[in-house]
Structure formats: C-alpha cells, structure tokens
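Asks: Have a look at the structure that comes next, please.
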Amino acid sequence: MQTEVFSELFPLLAAANPETLDWLLSVATEHEYPAGRAVLMEDAWGNAVYFVVSGWVKVRRHSGTGEDVATLAILGRGDFFGEMAILDESPRSTDVIALSNVKLLSISAQRFIQTLFKDPQLHHRMLQLMVRRLRQTNLRFQLRNQPAAVKLANTLVALGENYGEEVGAGVDIFNIPAKDLADVTDITIDDTSKILEKLDSKGWIQIQPNRQTMHLANLKQLMQLAAKR
C-alpha cells in the first residue's frame with residue numbers, strides 16, 4: 001500500500017507526518033478473515049491496534065454470565081479498533097467479529113504507543129476521534145426515548161456517512177443482520193424488520209441479498225427522519 005493511500009484511507013492518519021506513515025506501513029502486518037471469524041476475543045490482553053482496509057466488523061460484549069451477546073458497534077473501511085486495551089494496558093472488554101470478508105492491518109501496541117509519543121499531530125488526532133466516539137455514544141443515549149424508526153434512521157445514516165460507498169445517487173452499506181442492527185440501535189429485532197420493510201416499500205432503501213448490500217437510495221429522506229426528535 002502506498003503512503004498516500006494509507007493516509008487517505010484512514011482519517012486517524014490524515015494528520016500524521018510522512019515519516020510516521022512510512023514507518024507505520026513498514027511495521028504493519030496484514031490479516032484476512034472470512035465472515036463469522038473472531039478477530040479479537042474478550043479478556044485477551046491488548047497487543048495491537050487494527051485498521052480496517054476493507055470489509056465490515058462488529059464489536060460485541062457478552063451480557064452478564066449467560067450466553068447472550070450484544071453488538072455495541074459496527075465498523076467499516078477506514079476505521080480502527082483495539083486502541084482502548086493498549087492505552088490502559090488492560091484485557092479487552094469486547095469481542096470483534098468479521099461480518100463480511102475483511103482485510104486488516106495491525107500495528108503492535110509497543111510500536112503504536114511509540115509513534116503517538118513521537119508524532120504530536122497523530123496523538124491529537126487520536127484524541128479527537130476518541131472524543132467523536134464518545135459523542136456518538138452520548139447521541140445514542142439521547143435517542144433512547146425516540147421512536148424506533150427515528151433511532152434506526154440515525155443508525156443507517158451514520159453507517160452510510162462513515163463507511164458507505166457512493167453508487168449512483170445513493171450509498172451502499174453492508175446488509176447488516178437485523179439482530180446486529182437492532183442491538184446498536186437499541187430497538188427490538190421485530191421493530192427493525194418491520195421498519196426496514198417499510199423503508200424498502202417507500203424506496204428509501206433497497207436490500208440486495210445477492211450482493212450482501214443495503215442500498216440507501218434516499219439518504220436525504222433518511223436524514224429527515226433521523227432529525228425528527
């Protein structure tokens with residue numbers, strides 16, 4: 001991967017100086033996982049930061065002592081994960097599972113921490129993105145009493161804006177399983193399925209199972225629905 005592509009693909013690295021980018025690329029390790037494969041497991045000690053080159057993953061947590069698991073976040077191309085465990089030097093609190101075939105780059109904890117100390121711009125950008133994630137968590141909390149359709153529209157809009165691929169007048173995202181969409185939106189699976197069917201009937205989204213994609217055909221209408229609070 002060229003340094004310019006590396007920088008453009010990952011917003012975290014956009015502010016890093018060229019020397020930092022060259023060095024990170026030289027020490028990065030490539031990984032490929034099929035859909036359904038565990039990338040990271042809860043309670044494992046953090047030893048690397050992972051960057052999503054292509055594909056989609058879900059971050060999940062086991063609920064209590066039972067077998068139930070809840071999806072906390074869905075990440076796609078250009079995002080990263082694993083930073084929390086290396087920053088506070090503790091076991092990971094979540095699993096990361098491949099939703100689709102996924103390609104990743106990993107950088108060891110020691111080398112990544114060294115880079116943060118050497119490049120203040122990268123360190124600052126990391127803090128900015130972590131604050132943005134905190135704001136997204138706060139938004140999810142603020143939406144807790146909103147109608148299910150408003151909450152799901154917010155989820156779809158966020159996925160489209162963060163990871164979507166522009167196709168024609170719309171945006172393509174991965175056709176995320178209803179259970180995972182329901183978890184990250186804090187609504188029931190039944191509500192998720194019904195709302196998706198209604199959005200599909202309106203022509204706002206188009207499910208394309210053969211391509212494993214959901215086409216957000218009318219992002220403007222979805223954004224208007226998401227803003228109804």
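To be explicit about the labels: the chains of the structure tokens are called A, B, and onward in the order shown, and within each one the residues are counted from 1, while ligands get numbers from 1 in the order they are shown.
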I need the helix (DSSP H, G or I) residues of range 36-216 of chain A per DSSP on the backbone, written as a PyMOL selection string.

Replies: chain A and resi 83-87+109-118+120-142+148-163+178-185+189-202+209-211

Asks: If we count only C-alpha atoms, what is near range 120-130 of chain A at a cut-off of 9 Å, once residues fewer than 2 positions away on the same chain are taken out, given as a PyMOL selection string?

Replies: chain A and resi 11-17+20+115-118+132-135

Asks: Identify, with DSSP run on backbone atoms, the residues in range 147-181 of chain A assigned to strand (DSSP E or B), and express the list as a PyMOL selection string.

Replies: chain A and resi 165-167+170-174

Asks: Using only C-alpha atoms, which protein or nucleic acid residues come within 12 Å of Leu196 in chain A? Drop anything in the same chain fewer than 6 positions from it, and give the result as a PyMOL selection string.

Replies: chain A and resi 148-150+152-153+156+175-178+181-182+189-190+202-207+214-216+222

Asks: Using only C-alpha atoms, which of the listed residues (A:Ser108, A:Asn101, A:Asn47, A:Thr3) sits closest to Glu32 in chain A?

Replies: A:Asn101

Asks: Neighbouring residues of Phe6 in chain A were defined as those with any atom within 10 Å, considering only C-alpha atoms; residues of the same chain fewer than 3 positions away were excluded. Please report them as a list in words.

Replies: Met1, Gln2, Thr3, Leu9, Phe10, Pro11, Leu13, Ala14, Leu21, Asp22, Leu24, Leu25, Val53 and Gly78 of chain A

Asks: How about saving the chosen residues, all heavy atoms kept, as a JSON list (two decimals), in the first residue's frame?

Replies:
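Once written, part.json looks like this:
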[["chain", "number", "residue", "atom", "x", "y", "z"],
["A", 1, "MET", "N", 0.84, -1.20, 0.00],
["A", 1, "MET", "CA", 0.00, 0.00, 0.00],
["A", 1, "MET", "C", 0.87, 1.25, 0.00],
["A", 1, "MET", "O", 1.84, 1.33, 0.76],
["A", 1, "MET", "CB", -0.91, 0.00, 1.24],
["A", 1, "MET", "CG", -1.87, 1.17, 1.29],
["A", 1, "MET", "SD", -2.89, 1.19, 2.79],
["A", 1, "MET", "CE", -3.89, -0.27, 2.57],
["A", 2, "GLN", "N", 0.54, 2.20, -0.87],
["A", 2, "GLN", "CA", 1.29, 3.45, -0.94],
["A", 2, "GLN", "C", 0.99, 4.33, 0.28],
["A", 2, "GLN", "O", -0.10, 4.27, 0.84],
["A", 2, "GLN", "CB", 0.94, 4.21, -2.22],
["A", 2, "GLN", "CG", 1.31, 3.48, -3.49],
["A", 2, "GLN", "CD", 2.81, 3.32, -3.65],
["A", 2, "GLN", "OE1", 3.58, 4.23, -3.29],
["A", 2, "GLN", "NE2", 3.24, 2.19, -4.18],
["A", 3, "THR", "N", 1.95, 5.16, 0.66],
["A", 3, "THR", "CA", 1.79, 6.02, 1.82],
["A", 3, "THR", "C", 0.58, 6.94, 1.65],
["A", 3, "THR", "O", -0.19, 7.16, 2.59],
["A", 3, "THR", "CB", 3.05, 6.87, 2.03],
["A", 3, "THR", "OG1", 4.17, 6.00, 2.21],
["A", 3, "THR", "CG2", 2.91, 7.74, 3.27],
["A", 9, "LEU", "N", -7.02, 6.65, 3.33],
["A", 9, "LEU", "CA", -7.98, 5.63, 3.75],
["A", 9, "LEU", "C", -8.37, 5.78, 5.21],
["A", 9, "LEU", "O", -9.52, 5.56, 5.58],
["A", 9, "LEU", "CB", -7.38, 4.24, 3.49],
["A", 9, "LEU", "CG", -8.22, 3.03, 3.92],
["A", 9, "LEU", "CD1", -9.60, 3.04, 3.26],
["A", 9, "LEU", "CD2", -7.48, 1.74, 3.58],
["A", 10, "PHE", "N", -7.41, 6.17, 6.06],
["A", 10, "PHE", "CA", -7.66, 6.20, 7.50],
["A", 10, "PHE", "C", -7.63, 7.64, 8.02],
["A", 10, "PHE", "O", -6.55, 8.25, 8.08],
["A", 10, "PHE", "CB", -6.63, 5.35, 8.23],
["A", 10, "PHE", "CG", -6.66, 3.90, 7.85],
["A", 10, "PHE", "CD1", -5.69, 3.36, 7.02],
["A", 10, "PHE", "CD2", -7.70, 3.09, 8.27],
["A", 10, "PHE", "CE1", -5.73, 2.04, 6.64],
["A", 10, "PHE", "CE2", -7.76, 1.75, 7.90],
["A", 10, "PHE", "CZ", -6.77, 1.23, 7.07],
["A", 11, "PRO", "N", -8.79, 8.17, 8.42],
["A", 11, "PRO", "CA", -8.84, 9.54, 8.97],
["A", 11, "PRO", "C", -7.88, 9.74, 10.15],
["A", 11, "PRO", "O", -7.37, 10.85, 10.34],
["A", 11, "PRO", "CB", -10.30, 9.68, 9.42],
["A", 11, "PRO", "CG", -11.05, 8.76, 8.51],
["A", 11, "PRO", "CD", -10.14, 7.59, 8.29],
["A", 13, "LEU", "N", -4.93, 8.83, 10.42],
["A", 13, "LEU", "CA", -3.57, 9.08, 9.96],
["A", 13, "LEU", "C", -3.44, 10.30, 9.07],
["A", 13, "LEU", "O", -2.35, 10.62, 8.60],
["A", 13, "LEU", "CB", -3.05, 7.84, 9.21],
["A", 13, "LEU", "CG", -3.13, 6.52, 9.98],
["A", 13, "LEU", "CD1", -2.69, 5.37, 9.11],
["A", 13, "LEU", "CD2", -2.30, 6.59, 11.26],
["A", 14, "ALA", "N", -4.56, 10.99, 8.84],
["A", 14, "ALA", "CA", -4.54, 12.12, 7.91],
["A", 14, "ALA", "C", -3.59, 13.23, 8.35],
["A", 14, "ALA", "O", -3.01, 13.93, 7.51],
["A", 14, "ALA", "CB", -5.95, 12.68, 7.75],
["A", 21, "LEU", "N", 4.03, 7.87, 8.66],
["A", 21, "LEU", "CA", 3.27, 6.97, 7.80],
["A", 21, "LEU", "C", 4.16, 5.89, 7.21],
["A", 21, "LEU", "O", 3.79, 4.70, 7.17],
["A", 21, "LEU", "CB", 2.59, 7.76, 6.68],
["A", 21, "LEU", "CG", 1.49, 8.73, 7.11],
["A", 21, "LEU", "CD1", 1.04, 9.59, 5.94],
["A", 21, "LEU", "CD2", 0.30, 7.97, 7.69],
["A", 22, "ASP", "N", 5.33, 6.28, 6.73],
["A", 22, "ASP", "CA", 6.26, 5.30, 6.15],
["A", 22, "ASP", "C", 6.65, 4.25, 7.18],
["A", 22, "ASP", "O", 6.70, 3.05, 6.88],
["A", 22, "ASP", "CB", 7.51, 6.00, 5.62],
["A", 22, "ASP", "CG", 7.25, 6.79, 4.34],
["A", 22, "ASP", "OD1", 6.26, 6.47, 3.65],
["A", 22, "ASP", "OD2", 8.03, 7.72, 4.05],
["A", 24, "LEU", "N", 5.01, 3.38, 10.01],
["A", 24, "LEU", "CA", 3.87, 2.55, 10.38],
["A", 24, "LEU", "C", 3.60, 1.48, 9.32],
["A", 24, "LEU", "O", 3.32, 0.33, 9.64],
["A", 24, "LEU", "CB", 2.62, 3.42, 10.58],
["A", 24, "LEU", "CG", 2.57, 4.27, 11.85],
["A", 24, "LEU", "CD1", 1.34, 5.16, 11.84],
["A", 24, "LEU", "CD2", 2.58, 3.38, 13.10],
["A", 25, "LEU", "N", 3.67, 1.87, 8.05],
["A", 25, "LEU", "CA", 3.47, 0.90, 6.98],
["A", 25, "LEU", "C", 4.53, -0.19, 7.01],
["A", 25, "LEU", "O", 4.23, -1.37, 6.76],
["A", 25, "LEU", "CB", 3.49, 1.60, 5.62],
["A", 25, "LEU", "CG", 2.15, 2.02, 5.04],
["A", 25, "LEU", "CD1", 2.36, 2.76, 3.72],
["A", 25, "LEU", "CD2", 1.25, 0.82, 4.83],
["A", 53, "VAL", "N", -9.03, -2.25, 6.38],
["A", 53, "VAL", "CA", -8.72, -1.90, 4.99],
["A", 53, "VAL", "C", -9.95, -2.09, 4.11],
["A", 53, "VAL", "O", -10.25, -1.27, 3.25],
["A", 53, "VAL", "CB", -7.54, -2.73, 4.46],
["A", 53, "VAL", "CG1", -7.26, -2.42, 2.99],
["A", 53, "VAL", "CG2", -6.29, -2.49, 5.31],
["A", 78, "GLY", "N", -11.73, 2.07, 6.80],
["A", 78, "GLY", "CA", -11.18, 3.34, 7.25],
["A", 78, "GLY", "C", -11.18, 3.53, 8.75],
["A", 78, "GLY", "O", -10.58, 4.49, 9.24]]

Asks: With a distance cut-off of 10 Å and only C-alpha atoms, select the neighbouring residues of His31 in chain A, excluding the residue or stretch itself and same-chain residues fewer than 5 positions from it, and output the selection as a list of chain:residue names.

Replies: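 So the residues in contact are A:Val39, A:Tyr50, A:Phe51, A:Val52, A:Val53, A:Val102, A:Lys103, A:Leu104, A:Leu105, A:Ser106.
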
Asks: How far is it from CA of Tyr163 in chain A to CA of Asp79 in chain A, in Å with one decimal?

Replies: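 CA of Tyr163 in chain A sits 8.5 Å away from CA of Asp79 in chain A.
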
Asks: What lies within 12 Å of Leu139 in chain A using only C-alpha atoms, ignoring chain neighbours under 5 positions off, as JSON, numbers by chain?

Replies: {"A": [132, 133, 134, 144, 145, 146, 151, 154, 155, 158, 185, 226, 227, 229]}

Asks: Pick out the closest residue to Glu83 in chain A from this set: A:Ala169, A:Ala48, A:Met223, A:Ala35. Count only C-alpha atoms.

Replies: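 Counting only C-alpha atoms, the residue closest to Glu83 in chain A is A:Ala48.
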
Asks: With distances taken over only C-alpha atoms, which of A:Gln208, A:Asp180, A:Arg77, A:Thr71 is nearest to Glu8 in chain A?

Replies: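 Comparing A:Gln208, A:Asp180, A:Arg77, A:Thr71 against Glu8 in chain A, the winner is A:Arg77.
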
Asks: Please determine, counting only C-alpha atoms, which residue among A:Met41, A:Gln110, A:Leu72, A:Leu199 has the shortest atom-to-atom distance to Gln136 in chain A.

Replies: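 Result for the nearest residue to Gln136 in chain A: A:Leu72.
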